[in-house]
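**Q** So here's start.tsv, just TSV, C-alpha atoms:
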```tsv
chain	number	residue	atom	x	y	z
A	1	MET	CA	-39.19	-42.38	-23.45
A	2	VAL	CA	-35.60	-41.63	-24.29
A	3	GLU	CA	-33.96	-39.13	-21.98
A	4	THR	CA	-31.45	-36.87	-23.62
A	5	ILE	CA	-28.60	-35.23	-21.81
A	6	GLN	CA	-27.30	-31.99	-23.12
A	7	ALA	CA	-23.54	-31.65	-22.67
A	8	THR	CA	-22.30	-28.22	-21.71
A	9	ARG	CA	-20.18	-26.85	-24.46
A	10	LEU	CA	-16.86	-25.34	-23.35
A	11	HIS	CA	-14.73	-23.01	-25.33
A	12	PRO	CA	-11.20	-24.41	-25.67
A	13	LEU	CA	-9.78	-21.33	-23.98
A	14	GLN	CA	-12.29	-21.48	-21.16
A	15	SER	CA	-11.40	-23.28	-17.96
A	16	GLY	CA	-13.01	-26.61	-17.23
A	17	ARG	CA	-14.01	-25.56	-13.74
A	18	THR	CA	-17.11	-23.55	-12.92
A	19	GLY	CA	-16.18	-21.89	-9.62
A	20	PRO	CA	-13.58	-19.17	-9.14
A	21	ALA	CA	-9.95	-20.21	-9.36
A	22	ALA	CA	-8.46	-21.39	-6.07
A	23	VAL	CA	-5.16	-19.69	-6.76
A	24	SER	CA	-4.93	-16.04	-7.76
A	25	VAL	CA	-2.18	-14.68	-9.98
A	26	THR	CA	-1.84	-10.93	-9.51
A	27	LEU	CA	0.73	-8.24	-10.16
A	28	ALA	CA	2.77	-7.09	-7.19
A	29	ASP	CA	2.89	-3.42	-6.25
A	30	ASN	CA	5.71	-1.32	-7.64
A	31	ALA	CA	8.85	-1.72	-5.57
A	32	THR	CA	12.42	-0.56	-5.45
A	33	ARG	CA	14.81	-3.37	-6.21
A	34	VAL	CA	18.57	-3.42	-5.96
A	35	SER	CA	20.94	-6.07	-7.20
A	36	LEU	CA	23.64	-6.08	-4.55
A	37	ARG	CA	27.02	-7.76	-4.87
A	38	ALA	CA	29.70	-7.68	-2.22
A	39	ARG	CA	32.49	-9.75	-0.70
A	40	PRO	CA	31.99	-11.36	2.74
A	41	ASP	CA	34.04	-8.65	4.50
A	42	ALA	CA	31.55	-5.96	3.41
A	43	VAL	CA	28.42	-7.79	4.60
A	44	ALA	CA	28.43	-6.34	8.13
A	45	ALA	CA	28.68	-2.71	6.97
A	46	LEU	CA	26.04	-3.22	4.28
A	47	SER	CA	23.70	-4.91	6.77
A	48	LYS	CA	24.03	-1.87	9.03
A	49	ALA	CA	23.30	0.54	6.18
A	50	LEU	CA	20.26	-1.46	5.09
A	51	GLY	CA	18.89	-1.98	8.60
A	52	LEU	CA	18.66	-5.75	8.19
A	53	ALA	CA	21.13	-8.61	8.46
A	54	LEU	CA	22.01	-9.76	4.94
A	55	PRO	CA	21.42	-13.52	4.85
A	56	THR	CA	24.54	-15.61	4.28
A	57	LYS	CA	22.84	-19.00	4.22
A	58	PRO	CA	21.78	-20.40	0.82
A	59	LYS	CA	18.07	-20.09	-0.11
A	60	SER	CA	17.33	-17.74	2.82
A	61	THR	CA	15.88	-14.24	3.24
A	62	ALA	CA	15.86	-11.47	5.82
A	63	VAL	CA	12.89	-9.13	6.21
A	64	ASN	CA	12.62	-5.84	8.10
A	65	GLY	CA	9.39	-3.91	7.57
A	66	SER	CA	8.86	-3.33	3.85
A	67	ARG	CA	12.44	-4.26	3.03
A	68	ALA	CA	13.63	-7.77	2.19
A	69	ALA	CA	17.00	-9.23	1.22
A	70	LEU	CA	17.05	-12.43	-0.80
A	71	TRP	CA	20.18	-14.60	-0.95
A	72	LEU	CA	20.89	-15.38	-4.61
A	73	GLY	CA	24.52	-16.43	-4.50
A	74	PRO	CA	27.53	-16.41	-2.17
A	75	ASP	CA	28.15	-12.74	-3.03
A	76	GLU	CA	24.82	-11.70	-4.50
A	77	TRP	CA	21.53	-10.47	-3.03
A	78	LEU	CA	18.30	-9.04	-4.39
A	79	ILE	CA	16.93	-6.31	-2.15
A	80	ILE	CA	13.22	-5.55	-2.57
A	81	ASP	CA	11.56	-2.60	-0.84
A	82	ASP	CA	7.93	-1.78	-1.60
A	83	GLY	CA	7.77	1.02	0.98
A	84	GLU	CA	8.64	4.68	0.77
A	85	SER	CA	12.19	4.45	2.15
A	86	ASN	CA	15.08	5.33	-0.09
A	87	LEU	CA	16.97	2.11	-0.64
A	88	VAL	CA	19.64	3.52	-2.94
A	89	ALA	CA	20.44	6.41	-0.58
A	90	ASP	CA	20.71	4.00	2.36
A	91	LEU	CA	23.18	1.82	0.46
A	92	ALA	CA	25.23	4.88	-0.54
A	93	LYS	CA	25.93	5.39	3.17
A	94	ALA	CA	27.98	2.20	3.26
A	95	LYS	CA	31.58	3.11	2.52
A	96	VAL	CA	32.75	-0.44	1.85
A	97	LEU	CA	33.45	-1.90	-1.58
A	98	HIS	CA	30.23	-3.17	-3.11
A	99	SER	CA	28.12	-2.96	-6.25
A	100	ALA	CA	24.50	-1.87	-5.97
A	101	VAL	CA	22.51	-1.60	-9.18
A	102	ASP	CA	18.97	-0.24	-9.18
A	103	VAL	CA	16.95	-2.84	-11.11
A	104	SER	CA	13.50	-1.59	-10.07
A	105	HIS	CA	12.35	-1.23	-13.66
A	106	ARG	CA	14.05	-4.36	-14.90
A	107	ASN	CA	11.95	-6.62	-12.71
A	108	VAL	CA	8.25	-7.32	-12.47
A	109	GLY	CA	6.76	-9.00	-9.42
A	110	ILE	CA	3.91	-11.50	-9.69
A	111	ILE	CA	2.09	-12.81	-6.62
A	112	VAL	CA	0.77	-16.36	-6.75
A	113	SER	CA	-1.51	-16.86	-3.78
A	114	GLY	CA	-4.06	-19.38	-2.58
A	115	LYS	CA	-4.31	-23.02	-1.62
A	116	GLY	CA	-2.35	-24.96	-4.22
A	117	ALA	CA	0.00	-22.09	-5.12
A	118	GLU	CA	2.86	-24.57	-4.80
A	119	GLY	CA	1.40	-26.66	-7.60
A	120	VAL	CA	0.83	-23.60	-9.77
A	121	VAL	CA	4.50	-22.58	-9.57
A	122	ASN	CA	5.58	-26.19	-9.96
A	123	GLY	CA	3.71	-26.17	-13.27
A	124	GLY	CA	6.87	-24.63	-14.73
A	125	CYS	CA	9.44	-24.73	-11.94
A	126	PRO	CA	11.34	-28.00	-11.47
A	127	GLN	CA	12.46	-27.27	-7.89
A	128	ASP	CA	11.10	-29.15	-4.89
A	129	LEU	CA	8.66	-26.62	-3.40
A	130	SER	CA	7.39	-28.76	-0.52
A	131	GLU	CA	7.40	-27.09	2.92
A	132	ARG	CA	10.35	-29.26	3.91
A	133	ALA	CA	12.62	-28.23	1.02
A	134	PHE	CA	11.30	-24.72	0.40
A	135	PRO	CA	9.89	-23.35	3.69
A	136	VAL	CA	8.26	-19.96	4.25
A	137	GLY	CA	10.98	-17.33	3.80
A	138	ALA	CA	12.98	-19.41	1.33
A	139	ALA	CA	14.05	-17.72	-1.88
A	140	SER	CA	16.06	-18.82	-4.86
A	141	ARG	CA	16.80	-18.01	-8.45
A	142	THR	CA	15.34	-20.76	-10.59
A	143	VAL	CA	13.54	-21.62	-13.81
A	144	LEU	CA	9.89	-21.10	-14.76
A	145	GLY	CA	9.01	-22.66	-18.09
A	146	LYS	CA	11.64	-21.28	-20.44
A	147	ILE	CA	12.60	-18.20	-18.41
A	148	GLU	CA	14.66	-17.48	-15.33
A	149	VAL	CA	12.87	-16.12	-12.25
A	150	VAL	CA	13.56	-15.35	-8.62
A	151	LEU	CA	11.13	-17.23	-6.45
A	152	TRP	CA	10.31	-16.24	-2.87
A	153	ARG	CA	7.87	-18.01	-0.58
A	154	THR	CA	6.35	-15.21	1.53
A	155	ALA	CA	3.68	-17.36	3.20
A	156	GLU	CA	2.65	-20.99	3.24
A	157	ASN	CA	0.42	-20.50	0.19
A	158	THR	CA	1.95	-17.37	-1.30
A	159	PHE	CA	4.85	-17.05	-3.69
A	160	ARG	CA	6.40	-13.95	-5.18
A	161	VAL	CA	7.80	-14.50	-8.66
A	162	GLU	CA	10.25	-11.84	-9.85
A	163	CYS	CA	10.97	-11.93	-13.56
A	164	TRP	CA	12.50	-9.57	-16.09
A	165	ARG	CA	10.00	-7.12	-17.55
A	166	SER	CA	10.29	-8.36	-21.14
A	167	PHE	CA	9.50	-11.87	-19.88
A	168	SER	CA	6.58	-10.72	-17.72
A	169	PRO	CA	3.76	-11.33	-20.28
A	170	TYR	CA	5.06	-14.88	-20.67
A	171	ALA	CA	5.40	-15.47	-16.93
A	172	PHE	CA	1.99	-13.98	-16.15
A	173	ALA	CA	0.21	-15.98	-18.86
A	174	PHE	CA	2.09	-19.13	-17.88
A	175	LEU	CA	1.07	-18.84	-14.23
A	176	GLN	CA	-2.54	-18.05	-15.12
A	177	VAL	CA	-2.80	-21.16	-17.29
A	178	SER	CA	-1.09	-23.17	-14.59
A	179	ALA	CA	-3.55	-21.82	-11.99
A	180	ARG	CA	-6.45	-22.87	-14.20
A	181	ASP	CA	-5.17	-26.43	-14.21
A	182	ILE	CA	-4.86	-26.72	-10.44
A	183	TRP	CA	-7.71	-28.42	-8.65
A	184	VAL	CA	-7.58	-28.29	-4.88
B	1	MET	CA	14.97	-35.41	-13.73
B	2	LEU	CA	18.63	-35.54	-12.77
B	3	LEU	CA	19.35	-33.82	-9.46
B	4	ILE	CA	22.74	-32.15	-9.15
B	5	LYS	CA	24.16	-30.94	-5.87
B	6	CYS	CA	25.55	-27.42	-5.95
B	7	PRO	CA	28.42	-27.02	-3.46
B	8	TYR	CA	27.59	-23.31	-3.03
B	9	CYS	CA	23.82	-23.74	-2.52
B	10	GLU	CA	24.48	-26.93	-0.48
B	11	ASP	CA	21.35	-28.32	-2.05
B	12	GLU	CA	20.25	-30.76	-4.73
B	13	ARG	CA	18.72	-28.87	-7.63
B	14	PRO	CA	17.13	-29.97	-10.91
B	15	GLU	CA	19.47	-30.28	-13.87
B	16	LEU	CA	17.58	-27.53	-15.77
B	17	GLU	CA	19.27	-24.95	-13.52
B	18	PHE	CA	22.76	-26.09	-14.62
B	19	ARG	CA	25.01	-25.84	-17.65
B	20	ASN	CA	27.92	-28.08	-18.40
B	21	ALA	CA	31.10	-26.08	-18.94
B	22	GLY	CA	33.47	-28.71	-20.30
B	23	GLU	CA	36.52	-30.41	-18.91
B	24	ALA	CA	37.87	-29.26	-15.56
B	25	HIS	CA	41.42	-28.70	-14.32
B	26	LEU	CA	42.82	-27.23	-17.53
B	27	VAL	CA	45.70	-25.00	-16.57
B	28	ARG	CA	46.76	-22.09	-18.75
B	29	ALA	CA	50.53	-21.92	-19.20
B	30	ASN	CA	52.30	-18.92	-17.73
B	31	PRO	CA	53.77	-17.17	-19.71
B	32	ILE	CA	51.63	-18.46	-22.56
B	33	VAL	CA	53.96	-17.06	-25.29
B	34	ASP	CA	56.66	-19.61	-24.34
B	35	GLN	CA	54.32	-22.48	-25.13
B	36	SER	CA	54.70	-24.35	-28.41
B	37	ASP	CA	51.84	-24.24	-30.89
B	38	ASP	CA	51.11	-27.93	-30.34
B	39	ASP	CA	50.93	-27.50	-26.56
B	40	PHE	CA	48.70	-24.49	-26.96
B	41	ALA	CA	46.42	-26.37	-29.35
B	42	ALA	CA	46.22	-29.17	-26.80
B	43	PHE	CA	45.26	-26.68	-24.10
B	44	LEU	CA	42.74	-24.82	-26.24
B	45	TYR	CA	41.11	-27.48	-28.41
B	46	PHE	CA	41.82	-31.08	-27.49
B	47	ARG	CA	39.69	-32.73	-24.84
B	48	GLN	CA	39.79	-36.21	-23.35
B	49	ASN	CA	36.09	-37.18	-23.19
B	50	PRO	CA	36.79	-40.58	-21.63
B	51	LYS	CA	34.16	-43.26	-21.24
B	52	GLY	CA	33.71	-43.50	-17.48
B	53	LEU	CA	34.79	-41.00	-14.86
B	54	GLN	CA	35.11	-37.42	-16.05
B	55	PHE	CA	36.23	-34.30	-14.24
B	56	GLU	CA	33.90	-31.57	-15.41
B	57	ARG	CA	33.11	-27.94	-14.79
B	58	TRP	CA	29.47	-27.12	-14.21
B	59	ARG	CA	27.76	-23.79	-13.75
B	60	HIS	CA	24.67	-23.27	-11.61
B	61	ILE	CA	23.59	-20.66	-14.13
B	62	HIS	CA	19.91	-20.38	-13.12
B	63	GLY	CA	20.77	-20.47	-9.41
B	64	CYS	CA	23.73	-18.96	-7.63
B	65	GLY	CA	25.59	-18.46	-10.92
B	66	ARG	CA	28.76	-20.12	-9.67
B	67	PHE	CA	31.10	-22.47	-11.48
B	68	PHE	CA	32.04	-25.64	-9.65
B	69	ASN	CA	33.68	-28.96	-10.46
B	70	ALA	CA	32.11	-32.39	-10.51
B	71	VAL	CA	33.19	-35.99	-11.02
B	72	ARG	CA	30.64	-37.72	-13.22
B	73	ASP	CA	30.47	-41.19	-14.68
B	74	SER	CA	29.67	-40.66	-18.37
B	75	VAL	CA	28.21	-44.18	-18.63
B	76	SER	CA	25.74	-44.11	-15.73
B	77	ASP	CA	25.44	-40.29	-15.55
B	78	LYS	CA	26.00	-40.61	-11.80
B	79	PHE	CA	27.69	-37.70	-10.02
B	80	LEU	CA	30.30	-39.11	-7.63
B	81	THR	CA	31.10	-35.82	-6.00
B	82	VAL	CA	30.95	-32.06	-6.46
B	83	TYR	CA	33.46	-29.54	-5.11
B	84	LYS	CA	34.02	-25.81	-5.27
B	85	ALA	CA	36.12	-24.25	-8.01
B	86	GLY	CA	39.77	-23.98	-7.03
B	87	GLU	CA	39.71	-27.02	-4.76
B	88	PRO	CA	42.11	-29.87	-5.62
B	89	LYS	CA	41.07	-32.95	-7.58
B	90	PRO	CA	39.47	-35.51	-5.26
B	91	ASN	CA	40.91	-39.01	-5.01
B	92	VAL	CA	38.98	-41.04	-7.58
B	93	GLU	CA	39.86	-44.51	-6.20
B	94	GLN	CA	38.52	-43.52	-2.80
B	95	LEU	CA	35.31	-42.20	-4.32
B	96	VAL	CA	34.69	-45.33	-6.34
B	97	THR	CA	35.15	-47.66	-3.36
B	98	ARG	CA	33.21	-45.44	-0.94
B	99	GLY	CA	30.30	-44.56	-3.23
B	100	THR	CA	28.10	-47.35	-4.52
B	101	THR	CA	29.06	-48.14	-8.08
B	102	PRO	CA	26.18	-49.20	-10.36
B	103	ALA	CA	27.34	-52.83	-10.16
B	104	GLU	CA	27.15	-52.84	-6.35
B	105	ALA	CA	23.70	-51.30	-6.39
B	106	VAL	CA	22.41	-54.14	-8.56
B	107	VAL	CA	23.91	-56.78	-6.25
B	108	GLU	CA	22.51	-55.19	-3.11
B	109	SER	CA	19.01	-54.39	-4.27
B	110	PRO	CA	17.42	-57.90	-4.45
B	111	ALA	CA	17.85	-58.49	-0.69
B	112	PRO	CA	15.55	-55.72	0.59
B	113	ARG	CA	13.11	-56.35	-2.24
B	114	THR	CA	12.26	-59.96	-1.23
B	115	PRO	CA	10.37	-59.23	2.00
B	116	ARG	CA	8.28	-56.60	0.23
B	117	THR	CA	7.02	-59.09	-2.40
B	118	LYS	CA	6.18	-61.58	0.39
B	119	LYS	CA	4.13	-58.92	2.17
B	120	ALA	CA	2.25	-58.15	-1.00
B	121	GLU	CA	1.39	-61.83	-1.55
B	122	ALA	CA	0.18	-62.26	2.02
```
When written as structure tokens, how does the structure in this file appear?
**A**
Amino acid sequence: MVETIQATRLHPLQSGRTGPAAVSVTLADNATRVSLRARPDAVAALSKALGLALPTKPKSTAVNGSRAALWLGPDEWLIIDDGESNLVADLAKAKVLHSAVDVSHRNVGIIVSGKGAEGVVNGGCPQDLSERAFPVGAASRTVLGKIEVVLWRTAENTFRVECWRSFSPYAFAFLQVSARDIWV
Amino acid sequence: MLLIKCPYCEDERPELEFRNAGEAHLVRANPIVDQSDDDFAAFLYFRQNPKGLQFERWRHIHGCGRFFNAVRDSVSDKFLTVYKAGEPKPNVEQLVTRGTTPAEAVVESPAPRTPRTKKAEA
């Protein structure tokens, strides 16, 4: 007798895997964000006002409680605070020459978390994201697909992707598709 | 993908993060009104584009955002060195002799390759 095997039909938009995705792509909580620019001589005073030492090494971050400072350039930082504290008022206390622009509503945060998160981000980001080149706490402005993002590794398998709000549907969809393709 | 070292990030980054910004070390005359039209045209429009070593400006636009200078071989696309904006031109002869030129790389490579093929056969 001939045995027939029925193939399972998959919708083209459906993922090939049956179990839940190993990597989750979720929206980050609302946060206050400030684009901070200052010369090296103002770093000490600004660090004091913020309550954390602004990182001066490339690709590094400093975290204190809910507040984090990401090194973006030799004179540029992105400060993210998802707590209740008033970031803008704290910076106003610093009487040194600096530029602090509230970009809370310009940016959208996306959290990519789970085993294989590195591969999911690498689906559109050409940077070396191995633990050796991009350790926990590393952050950098880079490229994701055809947009620019700020990438921050908050844990071994967790990345925070900060993109501009008009690019957020693209970034979110891109990361979701990338997560679907990752098999761990 | 081509990896380019950014002197500000002190790191090798993928070429997608960079933009070429044309020839480096062009100096604007001061005062510019005293310059003849031909000299000004040469400053504004005419570029060398030599085959071989080029001094170029690059911008790490999707990274730290900084402009820097680089010496690149337009034939092999190899970056000989990168240096921060404002720093003087590096000595090209020194760079060529110190860094491995493509010709040297070809001469040197067969030697380490031979033992590997022997191992594979055994």
**Q** Give me, as number ranges by chain, the contact residues of chain A against chain B at a cut-off of 9 Å, counting only C-alpha atoms.
**A** A: 57-59, 71-76, 126-128, 140-143, 148-150
**Q** What's around Arg39 of chain A at 12 Å? Count all atoms listed in the file, leave out sequence neighbours fewer than 5 positions away in its own chain, and write the answer as a list in words.
**A**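 Answer for this query is Ala44, Ala45, Leu46, Leu54, Thr56, Gly73, Pro74, Asp75, Glu76, Trp77, Val96, Leu97, His98 and Ser99 of chain A.
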**Q** In terms of the shortest atom-to-atom distance over only C-alpha atoms, which of B:Asp73, B:Asp37, B:Val27, B:Val96 is closest to Pro50 of chain B?
**A**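 Of all the options, B:Asp73 lies closest to Pro50 of chain B.
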**Q** Would you kindly identify which residues have an atom no farther than 7 Å from (32.6, -34.1, -14.3), using only C-alpha atoms and the file's own coordinates, and write them out as a PyMOL selection string?
**A** chain B and resi 54-57+69-72
**Q** With distances taken over all atoms listed in the file, which of B:Trp58, B:Phe67, B:Tyr45, B:Phe40 is nearest to Ala85 of chain B?
**A** B:Phe67
**Q** Hey, can you check how far atom CA of Val103 of chain A sits from atom CA of Leu36 of chain A?
**A**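 The value is 9.9 Å.
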**Q** Rounded to one decimal, what separation in Å do you get between atom CA of Ile182 of chain A and atom CA of Ala117 of chain A?
**A**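 Taking atom CA of Ile182 of chain A as the start and atom CA of Ala117 of chain A as the end point, the length is 8.6 Å.
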**Q** Could you jot down the atom CA of Arg28 of chain B to atom CA of Val92 of chain B separation for me, Å, one decimal place?
**A**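 A separation of 23.3 Å between them.
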**Q** Please tell me which residues are no farther than 12 Å from (5.3, -29.6, -13.7) in the file, counting all atoms listed in the file, and write them as a short mmCIF file (atom, residue, chain, number, x, y, z; two decimals) with C-alpha atoms, keeping the file's coordinate frame.
**A**
```cif
data_model
loop_
_atom_site.label_atom_id
_atom_site.label_comp_id
_atom_site.auth_asym_id
_atom_site.auth_seq_id
_atom_site.Cartn_x
_atom_site.Cartn_y
_atom_site.Cartn_z
CA GLU A 118 2.86 -24.57 -4.80
CA GLY A 119 1.40 -26.66 -7.60
CA VAL A 120 0.83 -23.60 -9.77
CA VAL A 121 4.50 -22.58 -9.57
CA ASN A 122 5.58 -26.19 -9.96
CA GLY A 123 3.71 -26.17 -13.27
CA GLY A 124 6.87 -24.63 -14.73
CA CYS A 125 9.44 -24.73 -11.94
CA PRO A 126 11.34 -28.00 -11.47
CA GLN A 127 12.46 -27.27 -7.89
CA ASP A 128 11.10 -29.15 -4.89
CA LEU A 129 8.66 -26.62 -3.40
CA VAL A 143 13.54 -21.62 -13.81
CA LEU A 144 9.89 -21.10 -14.76
CA GLY A 145 9.01 -22.66 -18.09
CA PHE A 174 2.09 -19.13 -17.88
CA LEU A 175 1.07 -18.84 -14.23
CA SER A 178 -1.09 -23.17 -14.59
CA ALA A 179 -3.55 -21.82 -11.99
CA ASP A 181 -5.17 -26.43 -14.21
CA ILE A 182 -4.86 -26.72 -10.44
CA MET B 1 14.97 -35.41 -13.73
#
```
**Q** Nearest to Gly116 of chain A among A:Pro169, A:Ala42, A:Ser130, A:Arg160, with distances taken over only C-alpha atoms: which residue is it?
**A** A:Ser130
**Q** Using only C-alpha atoms, which of the listed residues (A:Ala68, A:Val34, A:Ala49, A:Ile147) sits closest to Ala100 of chain A?
**A** A:Val34
